[in-house]
file query.cif (mmCIF, C-alpha atoms)
data_upload
loop_
_atom_site.label_atom_id
_atom_site.label_comp_id
_atom_site.auth_asym_id
_atom_site.auth_seq_id
_atom_site.Cartn_x
_atom_site.Cartn_y
_atom_site.Cartn_z
CA MET A 18 0.00 0.00 0.00
CA PRO A 19 1.53 3.38 -0.96
CA TYR A 20 2.28 5.89 1.77
CA THR A 21 -0.39 8.52 1.11
CA VAL A 22 -1.01 11.95 2.51
CA PRO A 23 -4.52 13.47 2.27
CA THR A 24 -4.74 15.99 -0.61
CA ALA A 25 -0.98 15.63 -1.18
CA PRO A 26 0.85 13.52 -3.76
CA ALA A 27 1.43 9.89 -2.84
CA ALA A 28 5.03 8.94 -2.21
CA SER A 29 6.49 6.64 -4.80
CA CYS A 30 7.80 4.10 -2.34
CA ALA A 31 6.36 1.71 0.22
CA PRO A 32 5.94 2.81 3.86
CA ALA A 33 8.95 0.82 5.07
CA LEU A 34 11.18 2.50 2.49
CA VAL A 35 9.80 5.94 3.32
CA ARG A 36 10.45 5.25 6.99
CA GLN A 37 14.01 4.13 6.33
CA GLU A 38 14.75 7.08 4.06
CA LEU A 39 13.48 9.56 6.64
CA GLN A 40 15.32 7.73 9.43
CA ASP A 41 18.58 7.96 7.47
CA ARG A 42 18.04 11.67 6.88
CA LEU A 43 17.18 12.30 10.54
CA ASP A 44 20.34 10.46 11.63
CA ALA A 45 22.48 12.40 9.15
CA LEU A 46 20.99 15.80 9.93
CA ALA A 47 21.43 15.26 13.67
CA ARG A 48 25.14 14.64 13.04
CA THR A 49 25.42 17.63 10.72
CA HIS A 50 23.82 20.01 13.23
CA ARG A 51 25.53 18.39 16.24
CA VAL A 52 22.24 17.54 17.92
CA PRO A 53 22.64 14.61 20.36
CA GLY A 54 19.05 13.39 19.97
CA ALA A 55 15.87 14.14 18.02
CA GLN A 56 12.35 12.81 17.43
CA LEU A 57 9.92 13.15 14.52
CA ALA A 58 6.23 12.18 14.50
CA LEU A 59 4.01 12.40 11.41
CA ASP A 60 0.29 11.60 11.43
CA THR A 61 -1.69 11.93 8.21
CA GLY A 62 -4.91 10.52 9.60
CA SER A 63 -4.32 7.27 7.71
CA ASP A 64 -0.59 6.71 8.36
CA PHE A 65 1.44 7.29 11.52
CA LEU A 66 5.22 7.50 11.63
CA VAL A 67 7.47 7.96 14.68
CA LEU A 68 11.25 8.21 14.36
CA HIS A 69 14.01 8.95 16.85
CA THR A 70 17.79 9.13 16.88
CA GLY A 71 20.72 9.59 19.21
CA THR A 72 21.04 10.15 22.93
CA ALA A 73 18.91 11.82 25.57
CA ASP A 74 21.98 12.93 27.54
CA ALA A 75 25.41 13.28 25.96
CA ALA A 76 27.09 12.91 29.35
CA SER A 77 25.46 9.60 30.30
CA GLY A 78 24.88 8.23 26.81
CA ALA A 79 21.29 7.30 27.65
CA PRO A 80 19.40 6.65 24.40
CA LEU A 81 16.66 8.97 23.22
CA THR A 82 13.67 6.76 22.43
CA ALA A 83 10.16 7.41 21.12
CA ASP A 84 8.95 7.73 24.73
CA THR A 85 11.62 10.16 25.94
CA ALA A 86 10.17 13.49 27.08
CA VAL A 87 12.01 16.63 25.95
CA PRO A 88 11.72 20.10 27.59
CA LEU A 89 9.19 21.95 25.41
CA GLY A 90 9.82 25.54 26.50
CA SER A 91 7.11 27.77 25.08
CA LEU A 92 5.29 24.86 23.47
CA THR A 93 3.82 24.55 26.97
CA LYS A 94 1.72 27.64 26.30
CA PRO A 95 -0.85 25.99 23.97
CA TYR A 96 -1.55 23.42 26.68
CA THR A 97 -2.20 26.18 29.22
CA ALA A 98 -4.37 28.00 26.69
CA ALA A 99 -6.36 24.81 26.04
CA LEU A 100 -7.05 24.53 29.78
CA VAL A 101 -8.41 28.09 29.87
CA MET A 102 -10.49 27.44 26.75
CA LEU A 103 -12.00 24.32 28.33
CA LEU A 104 -12.96 26.35 31.41
CA ALA A 105 -14.59 28.95 29.16
CA ASP A 106 -16.46 26.20 27.31
CA ASP A 107 -17.78 24.94 30.65
CA GLY A 108 -19.00 28.46 31.50
CA ASP A 109 -16.54 28.95 34.38
CA LEU A 110 -15.21 32.13 32.78
CA ASP A 111 -15.76 34.35 29.75
CA LEU A 112 -12.95 34.87 27.25
CA ASP A 113 -13.95 38.51 26.78
CA GLU A 114 -14.20 39.46 30.44
CA PRO A 115 -11.31 41.21 32.22
CA ALA A 116 -8.87 38.69 33.67
CA ALA A 117 -8.68 40.96 36.74
CA ASP A 118 -12.22 39.85 37.61
CA HIS A 119 -10.62 36.57 38.73
CA LEU A 120 -7.12 37.75 39.63
CA PRO A 121 -6.76 40.79 41.93
CA GLU A 122 -3.04 40.95 41.10
CA LEU A 123 -4.03 42.19 37.62
CA ARG A 124 -5.80 45.28 38.91
CA GLY A 125 -2.97 47.35 37.43
CA ALA A 126 -4.13 46.16 33.98
CA PRO A 127 -7.91 46.10 34.53
CA ASP A 128 -8.93 46.12 30.86
CA VAL A 129 -6.90 43.11 29.67
CA THR A 130 -9.28 40.28 28.80
CA VAL A 131 -8.73 36.55 29.10
CA ARG A 132 -8.67 36.24 25.31
CA GLN A 133 -5.98 38.93 25.10
CA LEU A 134 -3.82 37.07 27.62
CA LEU A 135 -3.92 33.97 25.44
CA SER A 136 -3.31 35.77 22.13
CA HIS A 137 -0.53 38.11 23.38
CA THR A 138 -2.62 41.16 22.52
CA GLY A 139 -3.03 42.57 26.04
CA GLY A 140 -0.04 44.93 25.87
CA LEU A 141 1.76 43.16 28.71
CA PRO A 142 5.57 43.10 28.84
CA THR A 143 7.31 39.76 28.60
CA GLY A 144 8.29 39.68 32.27
CA PRO A 145 11.64 39.51 34.09
CA ASP A 146 14.21 36.77 33.56
CA SER A 147 13.82 33.42 35.31
CA ASP A 148 16.43 34.14 37.98
CA THR A 149 14.55 37.27 39.02
CA ALA A 150 11.20 35.47 38.84
CA ALA A 151 12.48 32.69 41.10
CA ALA A 152 12.81 35.15 43.98
CA THR A 153 9.11 36.09 44.15
CA THR A 154 5.58 34.67 44.02
CA ALA A 155 3.28 34.56 41.02
CA ALA A 156 0.90 37.12 42.54
CA ARG A 157 3.71 39.58 43.31
CA TYR A 158 5.28 38.97 39.90
CA LEU A 159 2.05 39.85 38.10
CA ALA A 160 1.29 42.83 40.31
CA ALA A 161 4.75 44.24 39.56
CA VAL A 162 4.68 43.57 35.80
CA CYS A 163 1.07 44.17 34.80
CA THR A 164 0.84 47.91 35.39
CA ALA A 165 -0.37 50.92 33.44
CA GLU A 166 3.17 52.29 33.50
CA ASP A 167 4.58 49.18 31.77
CA ALA A 168 1.71 48.74 29.27
CA LEU A 169 3.09 48.55 25.74
CA PHE A 170 -0.14 49.55 23.97
CA ALA A 171 -3.89 49.67 24.57
CA PRO A 172 -5.26 46.13 25.05
CA GLY A 173 -6.50 44.53 21.85
CA THR A 174 -4.69 46.91 19.47
CA ASP A 175 -1.39 45.14 18.76
CA PHE A 176 0.74 42.06 19.50
CA SER A 177 3.63 41.46 21.89
CA TYR A 178 4.71 37.96 22.92
CA SER A 179 4.49 37.77 26.69
CA ASN A 180 5.50 35.12 29.20
CA ALA A 181 3.79 37.21 31.87
CA GLY A 182 0.48 36.72 30.08
CA TYR A 183 0.86 32.96 30.48
CA VAL A 184 1.90 33.22 34.12
CA ALA A 185 -1.45 35.02 34.47
CA ALA A 186 -3.24 32.33 32.43
CA GLY A 187 -1.85 29.65 34.72
CA ARG A 188 -2.97 31.60 37.77
CA LEU A 189 -6.39 31.88 36.17
CA VAL A 190 -6.57 28.09 35.84
CA GLU A 191 -5.68 27.73 39.50
CA ALA A 192 -8.20 30.35 40.63
CA VAL A 193 -11.08 28.77 38.71
CA THR A 194 -10.32 25.06 39.27
CA GLY A 195 -8.87 25.22 42.77
CA MET A 196 -6.03 22.96 41.53
CA PRO A 197 -2.36 23.79 41.10
CA TRP A 198 -1.54 24.28 37.41
CA ARG A 199 0.50 21.05 37.26
CA GLU A 200 -2.41 19.03 38.62
CA ALA A 201 -4.91 20.73 36.31
CA VAL A 202 -2.87 20.21 33.13
CA SER A 203 -2.16 16.60 34.09
CA THR A 204 -5.77 15.74 34.96
CA LEU A 205 -7.63 17.67 32.29
CA LEU A 206 -5.25 17.39 29.31
CA LEU A 207 -2.15 15.22 29.55
CA GLU A 208 -3.71 12.05 30.93
CA PRO A 209 -6.75 12.18 28.59
CA LEU A 210 -4.27 12.58 25.70
CA GLY A 211 -2.33 9.52 26.87
CA THR A 212 0.71 11.61 27.86
CA VAL A 213 2.60 10.68 31.01
CA PRO A 214 3.13 14.03 32.78
CA ALA A 215 6.67 15.38 33.10
CA PHE A 216 7.80 18.83 34.18
CA VAL A 217 10.96 20.88 34.53
CA GLY A 218 12.23 20.42 38.06
CA ASP A 219 10.90 16.88 38.58
CA THR A 220 13.32 15.09 40.90
CA ALA A 221 11.85 11.63 40.18
CA PRO A 222 10.26 11.77 36.71
CA LEU A 223 7.74 9.06 35.83
CA ARG A 224 9.26 8.54 32.36
CA PRO A 225 12.60 8.87 30.55
CA VAL A 226 13.52 12.53 30.04
CA ALA A 227 16.06 14.29 27.83
CA THR A 228 18.60 16.93 28.75
CA GLY A 229 19.07 20.08 26.71
CA HIS A 230 22.55 20.71 25.32
CA ALA A 231 24.74 23.66 24.42
CA LEU A 232 27.55 23.41 21.88
CA ASN A 233 31.06 24.09 23.12
CA THR A 234 32.44 26.04 20.18
CA ALA A 235 36.06 25.36 21.19
CA THR A 236 35.73 21.57 21.26
CA GLY A 237 32.70 21.10 19.00
CA LEU A 238 31.11 18.91 21.67
CA ALA A 239 27.59 19.16 23.09
CA ARG A 240 27.41 19.63 26.84
CA PRO A 241 24.30 19.23 29.02
CA ALA A 242 22.50 22.49 29.86
CA ARG A 243 20.63 23.18 33.09
CA GLN A 244 16.99 24.22 32.89
CA ASN A 245 16.55 27.41 34.95
CA LEU A 246 12.81 28.07 34.61
CA ALA A 247 11.34 29.63 37.75
CA PRO A 248 8.50 27.59 39.31
CA LEU A 249 5.99 30.42 38.81
CA GLU A 250 6.76 30.37 35.06
CA ALA A 251 5.61 26.75 34.73
CA PRO A 252 2.41 27.56 32.74
CA ALA A 253 4.60 29.33 30.15
CA GLY A 254 7.30 26.70 29.72
CA ALA A 255 7.59 23.76 32.15
CA LEU A 256 6.23 20.78 30.20
CA LEU A 257 8.29 17.91 28.83
CA ALA A 258 6.86 15.69 26.10
CA SER A 259 7.83 13.53 23.15
CA ALA A 260 7.08 14.23 19.49
CA GLN A 261 4.49 11.46 19.69
CA ASP A 262 2.82 13.24 22.63
CA LEU A 263 2.81 16.51 20.68
CA CYS A 264 1.18 14.73 17.76
CA ALA A 265 -1.66 13.59 20.04
CA PHE A 266 -2.18 17.18 21.16
CA GLY A 267 -2.02 18.40 17.56
CA ASN A 268 -4.78 15.98 16.64
CA ALA A 269 -6.93 17.44 19.41
CA LEU A 270 -6.25 20.95 18.08
CA ILE A 271 -7.70 20.06 14.67
CA GLY A 272 -10.78 18.36 16.11
CA ARG A 273 -9.77 14.70 16.27
CA GLY A 274 -10.77 12.81 19.39
CA ASP A 275 -12.82 13.97 22.34
CA VAL A 276 -10.24 15.71 24.55
CA LEU A 277 -11.04 19.14 23.09
CA PRO A 278 -14.59 19.82 21.87
CA PRO A 279 -14.52 20.80 18.17
CA ALA A 280 -15.83 24.29 19.00
CA VAL A 281 -12.95 24.84 21.43
CA ALA A 282 -10.34 23.68 18.93
CA LYS A 283 -11.84 25.88 16.22
CA GLU A 284 -11.84 28.93 18.51
CA MET A 285 -8.17 28.39 19.36
CA ARG A 286 -7.36 28.43 15.64
CA ARG A 287 -9.34 31.59 14.92
CA PRO A 288 -7.00 34.49 14.01
CA GLU A 289 -7.10 37.54 16.24
CA THR A 290 -7.23 40.71 14.15
CA ALA A 291 -4.76 42.60 16.37
CA ALA A 292 -2.13 39.85 16.03
CA ARG A 293 -0.80 40.75 12.61
CA PRO A 294 1.84 38.68 10.77
CA GLY A 295 5.31 39.04 12.22
CA ALA A 296 8.65 37.31 12.69
CA LEU A 297 7.24 34.49 14.84
CA ALA A 298 4.13 33.50 12.87
CA ASP A 299 1.69 34.59 10.19
CA GLY A 300 -0.99 35.19 12.83
CA TRP A 301 -2.18 34.14 16.28
CA GLY A 302 -5.29 32.66 17.81
CA PRO A 303 -5.98 32.38 21.54
CA GLY A 304 -3.11 30.04 22.36
CA LEU A 305 -1.88 29.03 18.94
CA ALA A 306 0.52 30.40 16.35
CA LEU A 307 -0.81 30.30 12.78
CA TYR A 308 1.35 29.55 9.73
CA ARG A 309 0.35 30.00 6.11
CA GLN A 310 1.48 27.40 3.58
CA ASP A 311 0.08 26.93 0.06
CA GLU A 312 -3.03 28.98 0.89
CA ARG A 313 -3.73 26.88 3.99
CA LEU A 314 -3.52 28.06 7.58
CA TRP A 315 -1.71 25.57 9.80
CA CYS A 316 -1.73 25.90 13.58
CA GLY A 317 0.91 25.01 16.15
CA HIS A 318 3.72 26.57 18.17
CA ASP A 319 7.49 26.55 18.61
CA GLY A 320 9.35 26.10 21.86
CA ASN A 321 12.92 26.54 23.04
CA ALA A 322 14.11 25.63 26.53
CA GLN A 323 17.76 25.65 27.60
CA GLY A 324 19.36 23.68 24.76
CA THR A 325 16.20 22.27 23.15
CA SER A 326 14.09 23.12 20.10
CA CYS A 327 10.57 21.72 19.68
CA HIS A 328 7.93 22.32 17.00
CA LEU A 329 4.29 21.38 16.34
CA ARG A 330 2.31 21.93 13.13
CA ALA A 331 -1.24 20.77 12.33
CA ASP A 332 -3.34 21.36 9.22
CA PRO A 333 -7.08 21.23 9.95
CA GLU A 334 -7.88 20.98 6.25
CA SER A 335 -5.79 17.93 5.30
CA GLY A 336 -5.56 16.43 8.79
CA VAL A 337 -1.76 16.26 8.73
CA VAL A 338 0.01 16.68 12.09
CA ILE A 339 3.80 16.92 12.41
CA ALA A 340 5.87 17.22 15.59
CA PHE A 341 9.60 17.46 16.14
CA THR A 342 11.84 17.64 19.20
CA GLY A 343 15.61 18.07 19.43
CA ASN A 344 17.83 18.38 22.48
CA ALA A 345 20.31 21.03 21.35
CA SER A 346 20.06 24.61 20.13
CA GLY A 347 21.12 23.46 16.66
CA ALA A 348 17.89 21.49 16.41
CA THR A 349 16.09 24.56 15.04
CA ALA A 350 18.19 24.37 11.88
CA LEU A 351 17.75 20.59 11.86
CA TRP A 352 13.96 21.07 11.90
CA ARG A 353 14.12 23.42 8.93
CA ASP A 354 16.22 20.98 6.92
CA LEU A 355 14.02 18.05 7.93
CA ALA A 356 10.93 19.89 6.70
CA ALA A 357 12.51 20.03 3.25
CA GLU A 358 13.18 16.29 3.43
CA LEU A 359 9.54 15.65 4.35
CA ALA A 360 8.37 17.58 1.32
CA ALA A 361 10.66 15.60 -0.99
CA THR A 362 9.90 12.20 0.55
CA THR A 363 6.21 12.32 1.47
CA GLY A 364 4.80 15.33 -0.38
CA VAL A 365 3.93 17.05 2.91
CA ARG A 366 4.92 20.74 2.76
CA VAL A 367 5.08 21.88 6.36
CA PRO A 368 5.56 25.57 7.25
CA ALA A 369 8.69 25.11 9.33
CA THR A 370 9.47 28.83 9.40
CA VAL A 371 7.81 32.11 8.55
CA PRO A 372 9.01 33.02 5.05
CA PRO A 373 10.56 36.47 4.61
CA ALA A 374 7.98 39.10 3.78
CA GLU A 375 8.16 40.98 0.53
CA ARG A 376 10.12 44.06 1.45
CA GLY A 377 10.11 47.52 -0.02
CA ARG A 378 13.33 49.32 -0.80
CA PRO A 379 16.01 49.69 1.93
CA VAL A 380 15.97 53.14 3.51
CA VAL A 381 17.54 54.93 6.46
CA VAL A 382 14.88 55.65 9.09
CA HIS A 383 16.58 58.57 10.80
CA ASP A 384 14.05 59.04 13.60
CA CYS A 385 14.21 55.40 14.75
CA LEU A 386 17.35 56.05 16.80
CA GLY A 387 16.73 55.95 20.53
CA SER A 388 15.82 53.73 23.47
CA TYR A 389 12.80 51.43 23.77
CA ARG A 390 11.64 49.38 26.74
CA ASN A 391 9.67 46.18 27.31
CA GLY A 392 9.43 45.71 31.07
CA SER A 393 13.00 45.63 32.33
CA THR A 394 14.49 44.94 28.87
CA VAL A 395 16.00 47.93 27.09
CA TYR A 396 16.44 48.01 23.30
CA THR A 397 18.82 50.66 22.00
CA VAL A 398 18.93 51.66 18.33
CA SER A 399 22.06 53.64 17.53
CA PRO A 400 24.15 54.43 14.44
CA GLY A 401 26.50 51.64 13.39
CA PRO A 402 29.99 52.21 11.96
CA ASP A 403 28.57 52.92 8.50
CA GLY A 404 25.80 55.17 9.84
CA THR A 405 23.00 52.65 9.43
CA PRO A 406 21.04 51.64 12.56
CA ALA A 407 22.18 48.84 14.84
CA LEU A 408 20.20 47.19 17.65
CA SER A 409 21.54 46.38 21.10
CA VAL A 410 19.52 44.55 23.77
CA ASP A 411 20.43 45.37 27.37
CA GLY A 412 23.84 46.62 26.26
CA ASP A 413 24.84 43.51 24.28
CA LEU A 414 26.87 43.72 21.08
CA PRO A 415 24.85 45.68 18.49
CA ILE A 416 23.39 43.85 15.48
CA PRO A 417 22.97 45.80 12.23
CA LEU A 418 19.42 46.53 11.10
CA VAL A 419 18.26 46.76 7.50
CA CYS A 420 15.20 49.02 7.40
CA TYR A 421 12.64 49.37 4.61
CA ASP A 422 10.28 52.08 3.46
CA ASP A 423 7.29 50.36 5.12
CA LEU A 424 9.16 50.60 8.49
CA SER A 425 9.79 46.84 8.60
CA CYS A 426 13.32 45.70 9.41
CA ASP A 427 15.58 42.66 9.25
CA LEU A 428 18.49 41.65 11.45
CA LEU A 429 21.81 41.27 9.63
CA ASP A 430 24.05 38.48 10.91
CA PRO A 431 27.46 40.20 11.17
CA ALA A 432 29.33 36.91 10.70
CA GLY A 433 27.49 35.32 7.79
CA GLY A 434 25.70 38.31 6.30
CA ARG A 435 22.36 36.47 6.41
CA LEU A 436 19.17 38.47 6.89
CA GLU A 437 16.75 37.22 9.55
CA PRO A 438 13.20 38.58 10.00
CA GLY A 439 13.35 41.24 12.68
CA GLY A 440 10.13 43.20 13.00
CA ARG A 441 9.07 46.77 12.41
CA PHE A 442 8.95 50.26 13.79
CA HIS A 443 5.60 51.95 14.46
CA ARG A 444 4.77 55.62 14.16
CA ASP A 445 2.38 57.35 16.50
CA PRO A 446 -0.61 58.25 14.28
CA ALA A 447 -1.08 61.54 16.12
CA THR A 448 2.51 62.81 16.00
CA GLY A 449 4.03 60.80 13.12
CA ARG A 450 7.00 60.03 15.35
CA VAL A 451 8.45 56.52 15.72
CA SER A 452 7.04 55.44 19.08
CA ARG A 453 7.42 51.65 19.23
CA LEU A 454 9.67 48.87 18.03
CA GLN A 455 8.52 45.29 17.55
CA ILE A 456 11.45 42.91 17.34
CA SER A 457 11.23 39.09 17.21
CA GLY A 458 7.62 39.22 18.34
CA ARG A 459 8.13 41.53 21.31
CA THR A 460 7.05 45.15 21.29
CA ALA A 461 9.05 47.84 23.09
CA ARG A 462 7.78 51.34 23.81
CA ARG A 463 10.01 54.34 23.16
CA THR A 464 11.32 55.92 26.33
CA ASP A 465 13.71 58.65 25.17
CA ASP A 466 12.80 62.04 23.78
CA GLY A 467 14.27 61.24 20.36
#

call {"tool": "encode", "arguments": {"input": "query.cif", "output": "structure tokens"}}
result
Amino acid sequence: MPYTVPTAPAASCAPALVRQELQDRLDALARTHRVPGAQLALDTGSDFLVLHTGTADAASGAPLTADTAVPLGSLTKPYTAALVMLLADDGDLDLDEPAADHLPELRGAPDVTVRQLLSHTGGLPTGPDSDTAAATTAARYLAAVCTAEDALFAPGTDFSYSNAGYVAAGRLVEAVTGMPWREAVSTLLLEPLGTVPAFVGDTAPLRPVATGHALNTATGLARPARQNLAPLEAPAGALLASAQDLCAFGNALIGRGDVLPPAVAKEMRRPETAARPGALADGWGPGLALYRQDERLWCGHDGNAQGTSCHLRADPESGVVIAFTGNASGATALWRDLAAELAATTGVRVPATVPPAERGRPVVVHDCLGSYRNGSTVYTVSPGPDGTPALSVDGDLPIPLVCYDDLSCDLLDPAGGRLEPGGRFHRDPATGRVSRLQISGRTARRTDDG
């Protein structure tokens, strides 16, 4: 029987040969990108393929198997969003009511709705780093971050990716259910999906888990990396799962099975008008990133923990679900290359990345120079050696910016000269002055006088 993909060309070889060809490519790409271990799961609705390669921990040599759970980073967020959406479906809360109605610690941002928390359109800053967050409680964290002074824009008018919004979403789950977030996500989602729960910080995990890795550039060797997520940030990034587990969740997101009611899954995939296309995705629903490929809108999310890279894509039209995990930072490039192999081998064209937008002509935006702030993070745009703008984050080495006449911008890799999608500047409609910078999905508000 040929390996077929709904509404896509059938592969010209038998399933066993397709499996072996993809396994060989996964093995080779992991070596090329110096990724100790990786997993791939592909579900077409009629065929299901799970592959894995390498080791879960380069120090111990423990194998990475199909059941090994990998730190998901921000791919935790869709799970937290699904919990909130289930509570809304049960009538325990309203997506369009202020989140502060349930959480007094949000009284500094009284107009931000539950839906805006989930879709990153509430104007909340991203939140402090994990080391700072570890020294406080969730309630104090939110009260300090979610203030009128730190608001990036009026709620519901723009997009800025925010971990703080998902700390709030997790607190919302706890306030409504009376359960800790870990218990709620385990009971209401993971166990019904057939996923054995695993979390960052588990001292005695119930399943095999992988370690993230960083590449030692001097030796070329991968070394284990420590996960430093603060406990209060768990709803934004604490889950561990396998590619097979992610595939099960992806199926729920496109309406397969009974874990998520079809109406809930459809609402999560509905684009929010304020979340315009950017560097991270082509759009956002309440909890999901949206990716356009061949006139179809896939849903999913990406996640990076310390030394891991994980990706989920699901197409509600064809029913194809694809998940990938890798336990090194180089796994992001591996995922991109593997997507090309999938297209060649199976006919499945997965939107692994957001393609570069069509740009206007390069220009010098003279009034973009200045300082911008998102919470405690400061972005400084200053003239580079050749006079063109360069971006520095919290005083780090500046990266050249290439700006265009529509105020969009790309980041120029100083070493390789490669352009990466950056973001855009925004002008205040009243004054015409550049007032905000959105870079890599995060918006920063101008703080200098310019």

call {"tool": "resolve_selection", "arguments": {"input": "query.cif", "expression": "the PyMOL selection byres ((chain A and resi 406) around 12)", "output": "ChimeraX atom specification"}}
result
/A:379-387,397-405,407-409,415-421,426-429

call {"tool": "write_last_selection", "arguments": {"input": "query.cif", "atoms": "C-alpha atoms", "output": "PDB file, in the coordinates of the input"}}
result
ATOM      1  CA  PRO A 379      16.010  49.690   1.930  1.00  0.00           C
ATOM      2  CA  VAL A 380      15.970  53.140   3.510  1.00  0.00           C
ATOM      3  CA  VAL A 381      17.540  54.930   6.460  1.00  0.00           C
ATOM      4  CA  VAL A 382      14.880  55.650   9.090  1.00  0.00           C
ATOM      5  CA  HIS A 383      16.580  58.570  10.800  1.00  0.00           C
ATOM      6  CA  ASP A 384      14.050  59.040  13.600  1.00  0.00           C
ATOM      7  CA  CYS A 385      14.210  55.400  14.750  1.00  0.00           C
ATOM      8  CA  LEU A 386      17.350  56.050  16.800  1.00  0.00           C
ATOM      9  CA  GLY A 387      16.730  55.950  20.530  1.00  0.00           C
ATOM     10  CA  THR A 397      18.820  50.660  22.000  1.00  0.00           C
ATOM     11  CA  VAL A 398      18.930  51.660  18.330  1.00  0.00           C
ATOM     12  CA  SER A 399      22.060  53.640  17.530  1.00  0.00           C
ATOM     13  CA  PRO A 400      24.150  54.430  14.440  1.00  0.00           C
ATOM     14  CA  GLY A 401      26.500  51.640  13.390  1.00  0.00           C
ATOM     15  CA  PRO A 402      29.990  52.210  11.960  1.00  0.00           C
ATOM     16  CA  ASP A 403      28.570  52.920   8.500  1.00  0.00           C
ATOM     17  CA  GLY A 404      25.800  55.170   9.840  1.00  0.00           C
ATOM     18  CA  THR A 405      23.000  52.650   9.430  1.00  0.00           C
ATOM     19  CA  ALA A 407      22.180  48.840  14.840  1.00  0.00           C
ATOM     20  CA  LEU A 408      20.200  47.190  17.650  1.00  0.00           C
ATOM     21  CA  SER A 409      21.540  46.380  21.100  1.00  0.00           C
ATOM     22  CA  PRO A 415      24.850  45.680  18.490  1.00  0.00           C
ATOM     23  CA  ILE A 416      23.390  43.850  15.480  1.00  0.00           C
ATOM     24  CA  PRO A 417      22.970  45.800  12.230  1.00  0.00           C
ATOM     25  CA  LEU A 418      19.420  46.530  11.100  1.00  0.00           C
ATOM     26  CA  VAL A 419      18.260  46.760   7.500  1.00  0.00           C
ATOM     27  CA  CYS A 420      15.200  49.020   7.400  1.00  0.00           C
ATOM     28  CA  TYR A 421      12.640  49.370   4.610  1.00  0.00           C
ATOM     29  CA  CYS A 426      13.320  45.700   9.410  1.00  0.00           C
ATOM     30  CA  ASP A 427      15.580  42.660   9.250  1.00  0.00           C
ATOM     31  CA  LEU A 428      18.490  41.650  11.450  1.00  0.00           C
ATOM     32  CA  LEU A 429      21.810  41.270   9.630  1.00  0.00           C
TER      33      LEU A 429
END

call {"tool": "resolve_selection", "arguments": {"input": "query.cif", "expression": "the PyMOL selection byres ((chain A and resi 197-214) around 8)", "output": "list in words"}}
result
Tyr96, Thr97, Leu100, Gly187, Arg188, Val190, Glu191, Thr194, Gly195, Met196, Ala215, Phe216, Leu223, Arg224, Pro252, Leu256, Leu257, Ala258, Asp262, Ala265, Phe266 and Val276 of chain A

call {"tool": "resolve_selection", "arguments": {"input": "query.cif", "expression": "the PyMOL selection byres ((chain A and resi 283) around 10)", "output": "ChimeraX atom specification"}}
result
/A:270-272,277-282,284-287,302,333

call {"tool": "closest_residue", "arguments": {"input": "query.cif", "among": "A:Ala296, A:Leu314, A:Ala156, A:Val338", "to": "Leu263 of chain A", "atoms": "only C-alpha atoms"}}
result
A:Val338

call {"tool": "closest_residue", "arguments": {"input": "query.cif", "among": "A:Asp354, A:Glu437, A:Asp422, A:Glu250", "to": "Lys94 of chain A", "atoms": "only C-alpha atoms"}}
result
A:Glu250

call {"tool": "atom_distance", "arguments": {"input": "query.cif", "atom1": "atom CA of His230 of chain A", "atom2": "atom CA of Ala340 of chain A"}}
result
19.6 Å

call {"tool": "atom_distance", "arguments": {"input": "query.cif", "atom1": "atom CA of Asp167 of chain A", "atom2": "atom CA of Ser393 of chain A"}}
result
9.2 Å

call {"tool": "atom_distance", "arguments": {"input": "query.cif", "atom1": "atom CA of Asp332 of chain A", "atom2": "atom CA of Leu43 of chain A"}}
result
22.5 Å
